[in-house]
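Content type TSV, C-alpha atoms and all ligand atoms, from the file input35.tsv:
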```tsv
chain	number	residue	atom	x	y	z
A	1374	MET	CA	-32.27	-16.15	80.58
A	1375	GLY	CA	-33.64	-19.52	79.50
A	1376	TYR	CA	-34.23	-21.61	76.40
A	1377	LYS	CA	-36.75	-21.70	73.60
A	1378	VAL	CA	-37.94	-25.30	73.73
A	1379	VAL	CA	-40.16	-27.32	71.37
A	1380	VAL	CA	-41.86	-30.55	72.48
A	1381	VAL	CA	-42.75	-32.67	69.45
A	1382	GLY	CA	-45.40	-35.37	70.01
A	1383	ALA	CA	-46.81	-33.42	72.96
A	1384	THR	CA	-50.16	-35.28	72.95
A	1385	GLY	CA	-48.46	-38.68	73.36
A	1386	ASN	CA	-47.43	-40.61	76.48
A	1387	VAL	CA	-43.80	-39.54	76.30
A	1388	GLY	CA	-44.51	-35.95	75.17
A	1389	ARG	CA	-46.92	-35.32	78.07
A	1390	GLU	CA	-44.40	-36.75	80.50
A	1391	MET	CA	-41.69	-34.51	79.02
A	1392	LEU	CA	-43.84	-31.46	79.75
A	1393	ASN	CA	-44.43	-32.66	83.33
A	1394	ILE	CA	-40.72	-33.22	83.89
A	1395	LEU	CA	-39.63	-29.91	82.33
A	1396	ALA	CA	-41.97	-28.19	84.79
A	1397	GLU	CA	-41.08	-30.40	87.79
A	1398	ARG	CA	-37.34	-29.89	87.31
A	1399	GLU	CA	-37.84	-26.17	86.63
A	1400	PHE	CA	-35.95	-26.38	83.37
A	1401	PRO	CA	-35.14	-22.78	82.39
A	1402	VAL	CA	-37.69	-22.16	79.64
A	1403	ASP	CA	-38.21	-18.74	78.05
A	1404	GLU	CA	-40.71	-19.94	75.48
A	1405	ILE	CA	-42.25	-23.34	74.79
A	1406	ALA	CA	-44.10	-24.71	71.75
A	1407	VAL	CA	-46.00	-28.01	71.72
A	1408	LEU	CA	-46.48	-29.90	68.45
A	1409	ALA	CA	-48.37	-32.96	67.26
A	1410	SER	CA	-50.15	-34.05	64.09
A	1411	ARG	CA	-52.69	-31.86	62.30
A	1412	LYS	CA	-55.57	-33.82	63.84
A	1413	SER	CA	-54.50	-32.58	67.30
A	1414	LEU	CA	-54.33	-28.91	66.29
A	1415	GLY	CA	-55.53	-26.80	69.23
A	1416	THR	CA	-55.60	-29.74	71.69
A	1417	GLU	CA	-54.67	-28.50	75.14
A	1418	VAL	CA	-51.82	-30.11	77.09
A	1419	SER	CA	-50.64	-29.32	80.62
A	1420	TYR	CA	-47.33	-27.69	81.39
A	1421	GLY	CA	-46.94	-26.95	85.10
A	1422	ASP	CA	-49.92	-24.84	86.14
A	1423	THR	CA	-50.70	-23.71	82.60
A	1424	THR	CA	-52.14	-25.30	79.50
A	1425	LEU	CA	-50.69	-24.96	76.02
A	1426	LYS	CA	-52.39	-25.33	72.65
A	1427	THR	CA	-50.90	-27.88	70.28
A	1428	GLN	CA	-49.55	-26.69	66.93
A	1429	ASP	CA	-49.09	-28.67	63.70
A	1430	LEU	CA	-45.62	-30.18	63.27
A	1431	ALA	CA	-45.99	-30.13	59.48
A	1432	THR	CA	-46.07	-26.33	59.29
A	1433	PHE	CA	-43.91	-25.36	62.27
A	1434	ASP	CA	-40.79	-23.24	61.66
A	1435	PHE	CA	-37.92	-24.37	63.93
A	1436	ALA	CA	-35.69	-21.36	63.13
A	1437	GLY	CA	-34.79	-19.43	66.29
A	1438	TRP	CA	-35.65	-22.32	68.67
A	1439	ASP	CA	-32.82	-23.71	70.84
A	1440	MET	CA	-33.84	-27.35	71.22
A	1441	ALA	CA	-36.61	-29.74	70.19
A	1442	LEU	CA	-37.48	-32.82	72.24
A	1443	PHE	CA	-38.92	-35.29	69.72
A	1444	ALA	CA	-41.31	-38.07	70.85
A	1445	VAL	CA	-42.98	-39.14	67.63
A	1446	GLY	CA	-42.42	-42.40	65.74
A	1447	SER	CA	-39.43	-42.97	63.45
A	1448	GLU	CA	-41.35	-42.00	60.30
A	1449	ALA	CA	-42.28	-38.50	61.46
A	1450	THR	CA	-38.82	-38.12	63.00
A	1451	LYS	CA	-37.22	-38.97	59.66
A	1452	GLU	CA	-39.17	-36.23	57.94
A	1453	TYR	CA	-38.99	-33.45	60.54
A	1454	ALA	CA	-35.87	-33.94	62.73
A	1455	PRO	CA	-33.43	-33.04	59.91
A	1456	LYS	CA	-35.50	-29.89	59.19
A	1457	ALA	CA	-35.28	-28.81	62.83
A	1458	ALA	CA	-31.57	-29.63	63.03
A	1459	LYS	CA	-30.85	-27.75	59.81
A	1460	ALA	CA	-32.70	-24.71	61.17
A	1461	GLY	CA	-30.21	-24.63	64.07
A	1462	CYS	CA	-32.49	-26.24	66.66
A	1463	VAL	CA	-30.76	-29.15	68.47
A	1464	VAL	CA	-32.90	-32.29	68.28
A	1465	ILE	CA	-33.10	-34.70	71.24
A	1466	ASP	CA	-34.82	-37.72	69.73
A	1467	ASN	CA	-36.69	-40.55	71.43
A	1468	SER	CA	-37.22	-42.74	68.36
A	1469	SER	CA	-34.74	-45.43	67.31
A	1470	LEU	CA	-33.95	-43.70	64.00
A	1471	TYR	CA	-30.59	-42.14	64.90
A	1472	ARG	CA	-29.43	-44.32	67.80
A	1473	TYR	CA	-26.98	-46.38	65.76
A	1474	ASP	CA	-25.68	-43.52	63.60
A	1475	PRO	CA	-21.97	-43.06	64.39
A	1476	ASP	CA	-22.40	-39.29	63.93
A	1477	VAL	CA	-25.14	-39.08	66.57
A	1478	PRO	CA	-24.32	-39.45	70.27
A	1479	LEU	CA	-26.54	-41.88	72.22
A	1480	ILE	CA	-26.65	-40.54	75.74
A	1481	VAL	CA	-27.67	-41.54	79.25
A	1482	PRO	CA	-26.40	-38.59	81.29
A	1483	GLU	CA	-25.43	-40.67	84.37
A	1484	VAL	CA	-23.36	-42.98	82.14
A	1485	ASN	CA	-21.72	-41.21	79.19
A	1486	PRO	CA	-22.25	-37.43	79.53
A	1487	ASP	CA	-19.03	-36.64	77.65
A	1488	ALA	CA	-20.56	-38.03	74.45
A	1489	ILE	CA	-22.52	-34.75	74.25
A	1490	GLU	CA	-19.51	-33.17	72.50
A	1491	GLY	CA	-20.43	-35.15	69.37
A	1492	TYR	CA	-23.86	-33.53	68.99
A	1493	SER	CA	-22.70	-30.91	66.49
A	1494	LYS	CA	-22.03	-33.31	63.60
A	1495	LYS	CA	-25.75	-33.54	62.90
A	1496	ASN	CA	-27.25	-31.29	65.58
A	1497	ILE	CA	-29.05	-34.42	66.79
A	1498	ILE	CA	-28.73	-36.41	70.04
A	1499	ALA	CA	-30.40	-39.80	70.49
A	1500	ASN	CA	-32.18	-41.15	73.55
A	1501	PRO	CA	-31.87	-44.92	74.06
A	1502	ASN	CA	-34.54	-47.56	74.15
A	1503	CYS	CA	-36.45	-47.61	77.45
A	1504	SER	CA	-35.17	-50.99	78.57
A	1505	THR	CA	-31.57	-50.08	77.74
A	1506	ALA	CA	-31.66	-46.76	79.63
A	1507	GLN	CA	-32.50	-48.20	83.04
A	1508	MET	CA	-30.14	-51.17	82.57
A	1509	VAL	CA	-27.05	-49.12	81.69
A	1510	VAL	CA	-27.57	-46.83	84.71
A	1511	ALA	CA	-27.12	-49.95	86.85
A	1512	LEU	CA	-24.38	-51.60	84.79
A	1513	LYS	CA	-22.02	-48.62	84.50
A	1514	PRO	CA	-20.86	-48.31	88.14
A	1515	LEU	CA	-20.40	-52.10	88.37
A	1516	HIS	CA	-18.46	-52.11	85.10
A	1517	ASP	CA	-16.19	-49.31	86.36
A	1518	ARG	CA	-15.32	-51.40	89.44
A	1519	ALA	CA	-15.14	-54.97	88.13
A	1520	LYS	CA	-15.39	-54.86	84.27
A	1521	ILE	CA	-18.50	-56.63	83.08
A	1522	LYS	CA	-17.83	-59.40	80.55
A	1523	ARG	CA	-21.34	-60.70	79.93
A	1524	VAL	CA	-24.92	-59.70	80.70
A	1525	VAL	CA	-27.99	-61.95	80.57
A	1526	VAL	CA	-31.17	-59.92	80.84
A	1527	SER	CA	-34.87	-60.81	80.75
A	1528	THR	CA	-37.32	-57.93	80.64
A	1529	TYR	CA	-40.90	-57.55	81.86
A	1530	GLN	CA	-42.03	-54.51	79.87
A	1531	SER	CA	-45.20	-52.51	80.43
A	1532	VAL	CA	-47.68	-51.71	77.68
A	1533	SER	CA	-47.07	-47.93	77.87
A	1534	GLY	CA	-43.83	-48.69	76.02
A	1535	SER	CA	-46.00	-49.28	72.93
A	1536	GLY	CA	-47.87	-45.95	73.06
A	1537	LYS	CA	-51.40	-44.79	73.79
A	1538	ALA	CA	-53.19	-47.46	71.75
A	1539	ALA	CA	-51.54	-50.25	73.73
A	1540	ILE	CA	-52.68	-48.79	77.05
A	1541	ASP	CA	-56.25	-48.74	75.72
A	1542	GLU	CA	-55.91	-52.33	74.49
A	1543	LEU	CA	-54.86	-53.65	77.91
A	1544	TRP	CA	-57.60	-51.64	79.66
A	1545	ASN	CA	-60.41	-52.62	77.29
A	1546	GLN	CA	-59.31	-56.23	76.95
A	1547	THR	CA	-59.14	-56.63	80.74
A	1548	LYS	CA	-62.63	-55.12	81.23
A	1549	GLY	CA	-63.98	-57.12	78.26
A	1550	MET	CA	-62.97	-60.40	79.89
A	1551	TYR	CA	-65.76	-59.91	82.45
A	1552	VAL	CA	-68.53	-58.78	80.09
A	1553	PRO	CA	-69.87	-61.46	77.71
A	1554	GLY	CA	-69.99	-60.11	74.14
A	1555	GLN	CA	-67.49	-57.32	74.86
A	1556	GLU	CA	-64.31	-59.33	74.43
A	1557	VAL	CA	-61.56	-57.28	72.73
A	1558	ALA	CA	-59.45	-59.07	70.11
A	1559	PRO	CA	-55.68	-58.39	69.97
A	1560	SER	CA	-54.87	-55.48	67.68
A	1561	VAL	CA	-51.71	-53.64	68.86
A	1562	TYR	CA	-50.23	-56.94	70.10
A	1563	PRO	CA	-50.15	-60.24	68.19
A	1564	LYS	CA	-51.73	-62.12	71.12
A	1565	GLN	CA	-53.95	-61.35	74.10
A	1566	ILE	CA	-52.11	-59.12	76.59
A	1567	ALA	CA	-54.71	-59.10	79.42
A	1568	PHE	CA	-53.81	-61.79	82.00
A	1569	ASN	CA	-51.02	-62.99	79.73
A	1570	VAL	CA	-47.35	-62.37	78.82
A	1571	ILE	CA	-45.93	-62.12	75.30
A	1572	PRO	CA	-42.27	-63.03	74.57
A	1573	HIS	CA	-42.10	-60.77	71.53
A	1574	ILE	CA	-41.35	-57.02	71.30
A	1575	ASP	CA	-40.73	-55.35	67.93
A	1576	VAL	CA	-40.03	-57.37	64.78
A	1577	PHE	CA	-38.15	-60.67	64.45
A	1578	MET	CA	-34.64	-60.57	63.02
A	1579	ASP	CA	-32.75	-63.28	61.06
A	1580	SER	CA	-30.84	-64.29	64.21
A	1581	GLY	CA	-34.10	-65.19	65.98
A	1582	ASP	CA	-33.69	-62.24	68.34
A	1583	THR	CA	-36.35	-59.56	68.20
A	1584	LYS	CA	-35.39	-55.98	67.29
A	1585	GLU	CA	-36.00	-54.93	70.94
A	1586	GLU	CA	-33.45	-57.52	72.08
A	1587	TRP	CA	-31.01	-56.37	69.39
A	1588	LYS	CA	-31.48	-52.76	70.56
A	1589	MET	CA	-30.53	-53.64	74.14
A	1590	ILE	CA	-27.40	-55.44	72.92
A	1591	THR	CA	-26.28	-52.78	70.44
A	1592	GLU	CA	-27.12	-49.74	72.58
A	1593	THR	CA	-25.36	-51.10	75.69
A	1594	LYS	CA	-22.20	-51.52	73.62
A	1595	LYS	CA	-22.45	-47.99	72.19
A	1596	ILE	CA	-23.17	-46.35	75.56
A	1597	ILE	CA	-20.83	-48.27	77.89
A	1598	ASP	CA	-18.29	-50.52	76.17
A	1599	PRO	CA	-18.29	-52.45	72.87
A	1600	SER	CA	-16.59	-55.40	74.58
A	1601	ILE	CA	-19.58	-56.21	76.83
A	1602	LYS	CA	-21.48	-59.28	75.61
A	1603	VAL	CA	-25.23	-58.99	76.10
A	1604	THR	CA	-27.97	-61.52	75.52
A	1605	ALA	CA	-31.58	-60.45	76.08
A	1606	THR	CA	-35.12	-61.82	76.11
A	1607	CYS	CA	-37.76	-59.09	75.99
A	1608	VAL	CA	-41.25	-59.84	77.24
A	1609	ARG	CA	-44.40	-57.70	77.28
A	1610	VAL	CA	-46.44	-58.02	80.48
A	1611	PRO	CA	-49.89	-56.68	81.46
A	1612	VAL	CA	-48.55	-53.74	83.49
A	1613	PHE	CA	-49.52	-50.20	82.48
A	1614	VAL	CA	-46.33	-48.33	83.42
A	1615	GLY	CA	-42.92	-49.47	84.70
A	1616	HIS	CA	-40.42	-51.84	83.12
A	1617	SER	CA	-38.73	-54.56	85.19
A	1618	GLU	CA	-35.59	-56.50	84.37
A	1619	SER	CA	-33.92	-59.57	85.80
A	1620	ILE	CA	-30.21	-58.99	85.18
A	1621	ASN	CA	-27.34	-61.45	85.53
A	1622	ILE	CA	-23.76	-60.23	85.08
A	1623	GLU	CA	-20.38	-61.90	84.90
A	1624	THR	CA	-17.42	-59.71	85.75
A	1625	GLU	CA	-13.69	-59.99	85.15
A	1626	GLU	CA	-12.87	-59.24	88.79
A	1627	PHE	CA	-14.74	-60.73	91.74
A	1628	LEU	CA	-17.45	-58.42	93.09
A	1629	ASP	CA	-18.99	-59.28	96.43
A	1630	GLU	CA	-22.77	-58.73	96.70
A	1631	ASP	CA	-22.33	-56.34	99.65
A	1632	GLU	CA	-19.80	-54.25	97.77
A	1633	ALA	CA	-22.08	-54.23	94.70
A	1634	ARG	CA	-24.93	-52.99	96.91
A	1635	ASP	CA	-22.72	-50.19	98.28
A	1636	ILE	CA	-21.54	-49.20	94.79
A	1637	LEU	CA	-25.12	-49.05	93.52
A	1638	ARG	CA	-26.23	-47.04	96.58
A	1639	GLU	CA	-23.64	-44.37	95.72
A	1640	ALA	CA	-24.32	-44.35	91.97
A	1641	PRO	CA	-26.24	-41.46	90.34
A	1642	GLY	CA	-29.87	-42.10	89.39
A	1643	ILE	CA	-30.17	-45.29	91.48
A	1644	LEU	CA	-32.15	-46.12	94.60
A	1645	VAL	CA	-31.36	-49.47	96.22
A	1646	VAL	CA	-34.27	-51.16	98.01
A	1647	ASP	CA	-32.98	-54.56	98.96
A	1648	LYS	CA	-34.29	-56.14	102.13
A	1649	ARG	CA	-34.49	-59.91	102.25
A	1650	GLU	CA	-38.02	-59.95	103.63
A	1651	ASP	CA	-41.62	-59.80	102.35
A	1652	GLY	CA	-42.00	-56.67	100.22
A	1653	GLY	CA	-38.35	-55.67	100.60
A	1654	TYR	CA	-37.98	-54.96	96.89
A	1655	VAL	CA	-39.53	-52.61	94.31
A	1656	THR	CA	-42.25	-53.55	91.83
A	1657	PRO	CA	-43.19	-51.56	88.70
A	1658	VAL	CA	-46.28	-49.86	90.17
A	1659	GLU	CA	-44.08	-48.34	92.88
A	1660	SER	CA	-41.71	-46.86	90.30
A	1661	VAL	CA	-44.43	-44.84	88.52
A	1662	GLY	CA	-43.85	-41.09	88.62
A	1663	ASP	CA	-40.40	-41.47	90.16
A	1664	PHE	CA	-37.07	-40.34	88.73
A	1665	ALA	CA	-35.03	-43.25	90.08
A	1666	THR	CA	-33.96	-46.58	88.68
A	1667	PHE	CA	-34.65	-49.00	91.55
A	1668	ILE	CA	-32.39	-51.96	92.27
A	1669	SER	CA	-33.45	-54.91	94.44
A	1670	ARG	CA	-32.62	-58.61	94.97
A	1671	ILE	CA	-28.83	-58.14	94.69
A	1672	ARG	CA	-27.19	-61.52	95.22
A	1673	GLN	CA	-24.23	-63.62	94.20
A	1674	ASP	CA	-24.64	-66.03	91.30
A	1675	VAL	CA	-22.55	-68.93	92.57
A	1676	THR	CA	-22.92	-70.96	89.35
A	1677	VAL	CA	-20.13	-68.97	87.68
A	1678	GLU	CA	-16.80	-67.62	88.95
A	1679	ASN	CA	-17.73	-63.92	89.22
A	1680	GLY	CA	-21.49	-63.63	88.92
A	1681	LEU	CA	-24.19	-61.37	90.31
A	1682	ASN	CA	-27.98	-61.26	89.95
A	1683	PHE	CA	-30.22	-58.28	90.55
A	1684	TRP	CA	-33.67	-56.84	89.79
A	1685	CYS	CA	-34.01	-53.44	88.11
A	1686	VAL	CA	-37.24	-51.41	87.87
A	1687	SER	CA	-37.97	-47.96	86.47
A	1688	ASP	CA	-40.79	-45.82	85.10
A	1689	ASN	CA	-40.30	-46.42	81.37
A	1690	LEU	CA	-42.01	-43.16	80.42
A	1691	ARG	CA	-39.54	-41.30	82.66
A	1692	LYS	CA	-36.00	-42.77	82.77
A	1693	GLY	CA	-36.82	-44.80	79.66
A	1694	ALA	CA	-37.83	-41.76	77.65
A	1695	ALA	CA	-38.97	-38.35	78.94
A	1696	LEU	CA	-36.70	-37.96	81.98
A	1697	ASN	CA	-33.62	-39.07	80.08
A	1698	ALA	CA	-34.47	-36.60	77.28
A	1699	VAL	CA	-34.87	-33.73	79.76
A	1700	GLN	CA	-31.60	-34.74	81.47
A	1701	ILE	CA	-29.94	-34.54	78.04
A	1702	ALA	CA	-31.49	-31.08	77.57
A	1703	GLU	CA	-30.03	-30.05	80.95
A	1704	LEU	CA	-26.64	-31.43	79.94
A	1705	LEU	CA	-26.80	-29.64	76.60
A	1706	GLY	CA	-27.63	-26.42	78.39
A	1707	ARG	CA	-24.86	-26.83	80.98
A	1708	ARG	CA	-22.10	-27.95	78.66
A	1709	VAL	CA	-22.91	-26.42	75.28
A	1710	LEU	CA	-25.57	-23.73	75.00
A	1711	LYS	CA	-24.86	-22.21	78.45
A	1712	LYS	CA	-27.85	-19.90	78.65
A	1713	GLY	CA	-29.85	-21.00	81.69
B	1	LIG	N1	-43.29	-45.15	75.56
B	1	LIG	C1	-42.03	-45.45	75.86
B	1	LIG	O1	-41.71	-46.07	76.91
B	1	LIG	C2	-40.94	-45.02	74.97
B	1	LIG	C3	-39.65	-45.17	75.41
B	1	LIG	C4	-38.62	-44.77	74.59
B	1	LIG	C5	-38.91	-44.23	73.37
B	1	LIG	N2	-40.19	-44.09	72.96
B	1	LIG	C6	-40.43	-43.49	71.64
B	1	LIG	O2	-41.04	-42.22	71.79
B	1	LIG	C7	-41.87	-41.96	70.67
B	1	LIG	C8	-43.28	-41.62	71.14
B	1	LIG	O3	-43.81	-42.68	71.91
B	1	LIG	P1	-45.19	-42.55	72.72
B	1	LIG	O4	-45.25	-43.76	73.58
B	1	LIG	O5	-45.32	-41.21	73.34
B	1	LIG	O6	-46.27	-42.66	71.53
B	1	LIG	P2	-47.79	-42.17	71.52
B	1	LIG	O7	-48.34	-42.10	72.90
B	1	LIG	O8	-48.50	-43.02	70.53
B	1	LIG	O9	-47.72	-40.65	70.95
B	1	LIG	C9	-47.25	-40.35	69.68
B	1	LIG	C10	-47.13	-38.84	69.51
B	1	LIG	O10	-46.55	-38.57	68.24
B	1	LIG	C11	-47.43	-37.72	67.49
B	1	LIG	N3	-47.32	-38.07	66.07
B	1	LIG	C12	-47.35	-39.29	65.50
B	1	LIG	N4	-47.21	-39.19	64.15
B	1	LIG	C13	-47.09	-37.86	63.87
B	1	LIG	C14	-46.92	-37.11	62.68
B	1	LIG	N5	-46.84	-37.69	61.48
B	1	LIG	N6	-46.84	-35.77	62.78
B	1	LIG	C15	-46.93	-35.15	63.99
B	1	LIG	N7	-47.09	-35.82	65.16
B	1	LIG	C16	-47.16	-37.15	65.10
B	1	LIG	C17	-48.81	-37.99	68.05
B	1	LIG	O11	-49.64	-36.91	67.75
B	1	LIG	P3	-51.25	-37.14	67.59
B	1	LIG	O12	-51.78	-37.30	68.98
B	1	LIG	O13	-51.67	-35.87	66.94
B	1	LIG	O14	-51.41	-38.35	66.75
B	1	LIG	C18	-48.47	-38.12	69.54
B	1	LIG	O15	-48.29	-36.83	70.08
B	1	LIG	C19	-41.77	-43.21	69.79
B	1	LIG	O16	-40.76	-43.01	68.84
B	1	LIG	C20	-41.36	-44.29	70.76
B	1	LIG	O17	-40.69	-45.34	70.14
B	1	LIG	C21	-41.22	-44.46	73.73
```

Go ahead and express the file in the form of structure tokens.
Ligand SMILES: NC(=O)c1ccc[n+]([C@@H]2O[C@H](COP(=O)([O-])OP(=O)(O)OC[C@H]3O[C@@H](n4cnc5c(N)ncnc54)[C@H](OP(=O)(O)O)[C@@H]3O)[C@@H](O)[C@H]2O)c1
Amino acid sequence: MGYKVVVVGATGNVGREMLNILAEREFPVDEIAVLASRKSLGTEVSYGDTTLKTQDLATFDFAGWDMALFAVGSEATKEYAPKAAKAGCVVIDNSSLYRYDPDVPLIVPEVNPDAIEGYSKKNIIANPNCSTAQMVVALKPLHDRAKIKRVVVSTYQSVSGSGKAAIDELWNQTKGMYVPGQEVAPSVYPKQIAFNVIPHIDVFMDSGDTKEEWKMITETKKIIDPSIKVTATCVRVPVFVGHSESINIETEEFLDEDEARDILREAPGILVVDKREDGGYVTPVESVGDFATFISRIRQDVTVENGLNFWCVSDNLRKGAALNAVQIAELLGRRVLKKG
């Protein structure tokens, strides 16, 4: 016996990846419905060896469905997630709408699986921001051993984190650079993304941080420990898929780089690739289609008492969104619904 599962936003980057991962991980599905906007009605999407026809979210009845994996923007989530939740269908949401709601658990299954117990207050579970998800997978085992006091992170985020239109913009702008008269002006991004980097993701806040930076700070505290201080600089780079992060941590207790490497090797969800030679590290293109969060370049930061530096790479459409959502679905099944 399996679950009746709805994938909302099934024509998008994250929704399509959710369908791939549900099939790859053989999630116990009895029945599956795929939803998007009215304009996509009847559009076919792949699920394992089959194709499914997209239905209209606006008219879908969630009654009798076990769980809905939402991957639409905050606006559509605001309108439809409460309807699904009220109908008894547990919502696992990828947007930022519910992440900071104290009555909604924000879960990375390798890090805080016990938070699942809080799902029933609203029948909604939130998935973190893509750059937070991969970072907390790496921070948690180090925090458990040596208590992290402060994190300094700089991100190198791929364009797929901004949706389908951003992927097209990078592709067309890159091609257009070589064809006179076919230059593509910035539209999704405020400046040219082809052959460039942009130190600006999401809106600016009064503090001078961007909302993306604020999300990494706030979500890390909610998922791991409110006492961890985080400062972040989030940068968009001309990579299609795969987010990278340069992470510096300061810990309360001394943590030797070799011990940190061993801890990370044993930690769930992590693959350490850390050879001090040409190519002995992971780059974003190598993370595409993989489940792991890759850690490389682990080394002591000798400028502070207890400091470490490392490099963290993951497929943002997977660990940063679709994989984490499916892992939450598995957790929900195992711990709460217990059908599969
Ligand atoms: N990409 C990432 O790395 C990432 C990571 C974490 C979280 N997220 C979040 O996941 C969500 C989806 O991101 P994405 O990258 O998959 O975006 P996307 O590629 O642009 O896809 C958006 C999806 O939402 C659907 N949609 C939009 N408005 C709708 C409405 N009013 N009614 C019904 N369906 C609607 C679209 O359907 P149509 O095709 O019919 O328009 C499409 O299926 C966003 O909230 C995003 O912030 C993304």

- Item | Residues near region 1408-1418 of chain A, cut-off 12 Å, only C-alpha atoms, skip fewer than 3 positions along chain, as a PyMOL selection string | chain A and resi 1378-1386+1388-1393+1405+1421-1435+1441-1446+1449-1450+1453

If I wrap all listed atoms of ligand LIG 1 (chain B) in a box with edges along x, y and z and add 5 Å on each side, what are its centre and edge lengths in Å to one decimal, as lines of an AutoDock Vina configuration file?
```
center_x = -45.2
center_y = -40.6
center_z = 69.2
size_x = 23.2
size_y = 20.9
size_z = 25.4
```

- Message: With distances taken over all atoms listed in the file, which residue among A:Phe1577, A:Trp1438, A:Phe1568, A:Phe1613 lies nearest ligand LIG 1 (chain B)?
- Response: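 Between A:Phe1577, A:Trp1438, A:Phe1568, A:Phe1613, the residue approaching ligand LIG 1 (chain B) most closely is A:Phe1613.
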
- Task: Within 8 Å of region 1570-1575 of chain A, counting all atoms listed in the file, which residues show up once you throw out same-chain ones fewer than 6 positions away? Write them as a list of chain:residue names, please.
- Result: A:Lys1564, A:Thr1583, A:Lys1584, A:Glu1585, A:Glu1586, A:Thr1606, A:Cys1607, A:Val1608, A:Arg1609, A:Val1610, A:Pro1611

- Task: Do a neighbour search on Ile1643 (chain A) at 6 Å with only C-alpha atoms, toss out local chain neighbours closer than 5 positions, and write the hits as number ranges by chain.
- Result: A: 1665-1667

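Relative to CA of Asp1647 (chain A), CA of Thr1676 (chain A) is found at 21.5 Å.
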
- Message: (-24.4, -50.8, 71.6) in this file's frame - what residues fall within 12 Å of it? Use all atoms listed in the file and give the answer as a PyMOL selection string.
- Response: chain A and resi 1472-1475+1478-1480+1501-1502+1505-1506+1509+1586-1604

- As a check of understanding: the span from CA of Ile1636 (chain A) to CA of Asn1679 (chain A) is 16.2 Å

- For the atom pair CA of Val1481 (chain A) and CA of Gln1700 (chain A), what is the interatomic distance in Å to one decimal place?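 Spanning CA of Val1481 (chain A) to CA of Gln1700 (chain A) is a straight-line distance of 8.2 Å.
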
- Write out as a list in words each polymer residue whose atoms come within 10 Å of Glu1659 (chain A), counting only C-alpha atoms; drop sequence neighbours fewer than 6 positions from it. Val1614, Gly1615, Phe1667, Val1686, Ser1687 and Asp1688 of chain A

- Message: Around (-29.0, -23.9, 64.9), as given in the file, which residues come within 12 Å? Count all atoms listed in the file and list them as an MDAnalysis selection string.
- Response: chainID A and resid 1377 1435:1441 1455:1464 1492:1497 1710

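The shortest atom-to-atom distance to Glu1618 (chain A), with all atoms listed in the file taken into account, belongs to A:Ser1527 out of A:Pro1657, A:Ala1538, A:Ala1454, A:Ser1527.
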
- Arg1708 (chain A) environment, 9 Å, all atoms listed in the file, sequence neighbours closer than 5 positions dropped, as a list in words: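 So, after excluding close chain neighbours, the residues are Ile1489, Glu1490 and Glu1703 of chain A.
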
- Item | Closest of A:Val1675, A:Val1532, A:Val1387, A:Val1557 to ligand LIG 1 (chain B) - atom-to-atom distances counting only C-alpha atoms and all ligand atoms |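 Of the candidates, the smallest distance to ligand LIG 1 (chain B) is held by A:Val1387.
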
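Distances here use all atoms listed in the file; by that measure, the residue among A:Thr1624, A:Asn1689, A:Asn1569, A:Ser1669 closest to ligand LIG 1 (chain B) is A:Asn1689.
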
- From the set A:Ile1498, A:Val1661, A:Leu1470, A:Cys1685, which residue has the shortest atom-to-atom contact distance to ligand LIG 1 (chain B), counting only C-alpha atoms and all ligand atoms? A:Leu1470

- So which one's closest to ligand LIG 1 (chain B), A:Gly1662, A:Gly1581, A:Pro1401, A:Gly1536? Using all atoms listed in the file, please. A:Gly1536
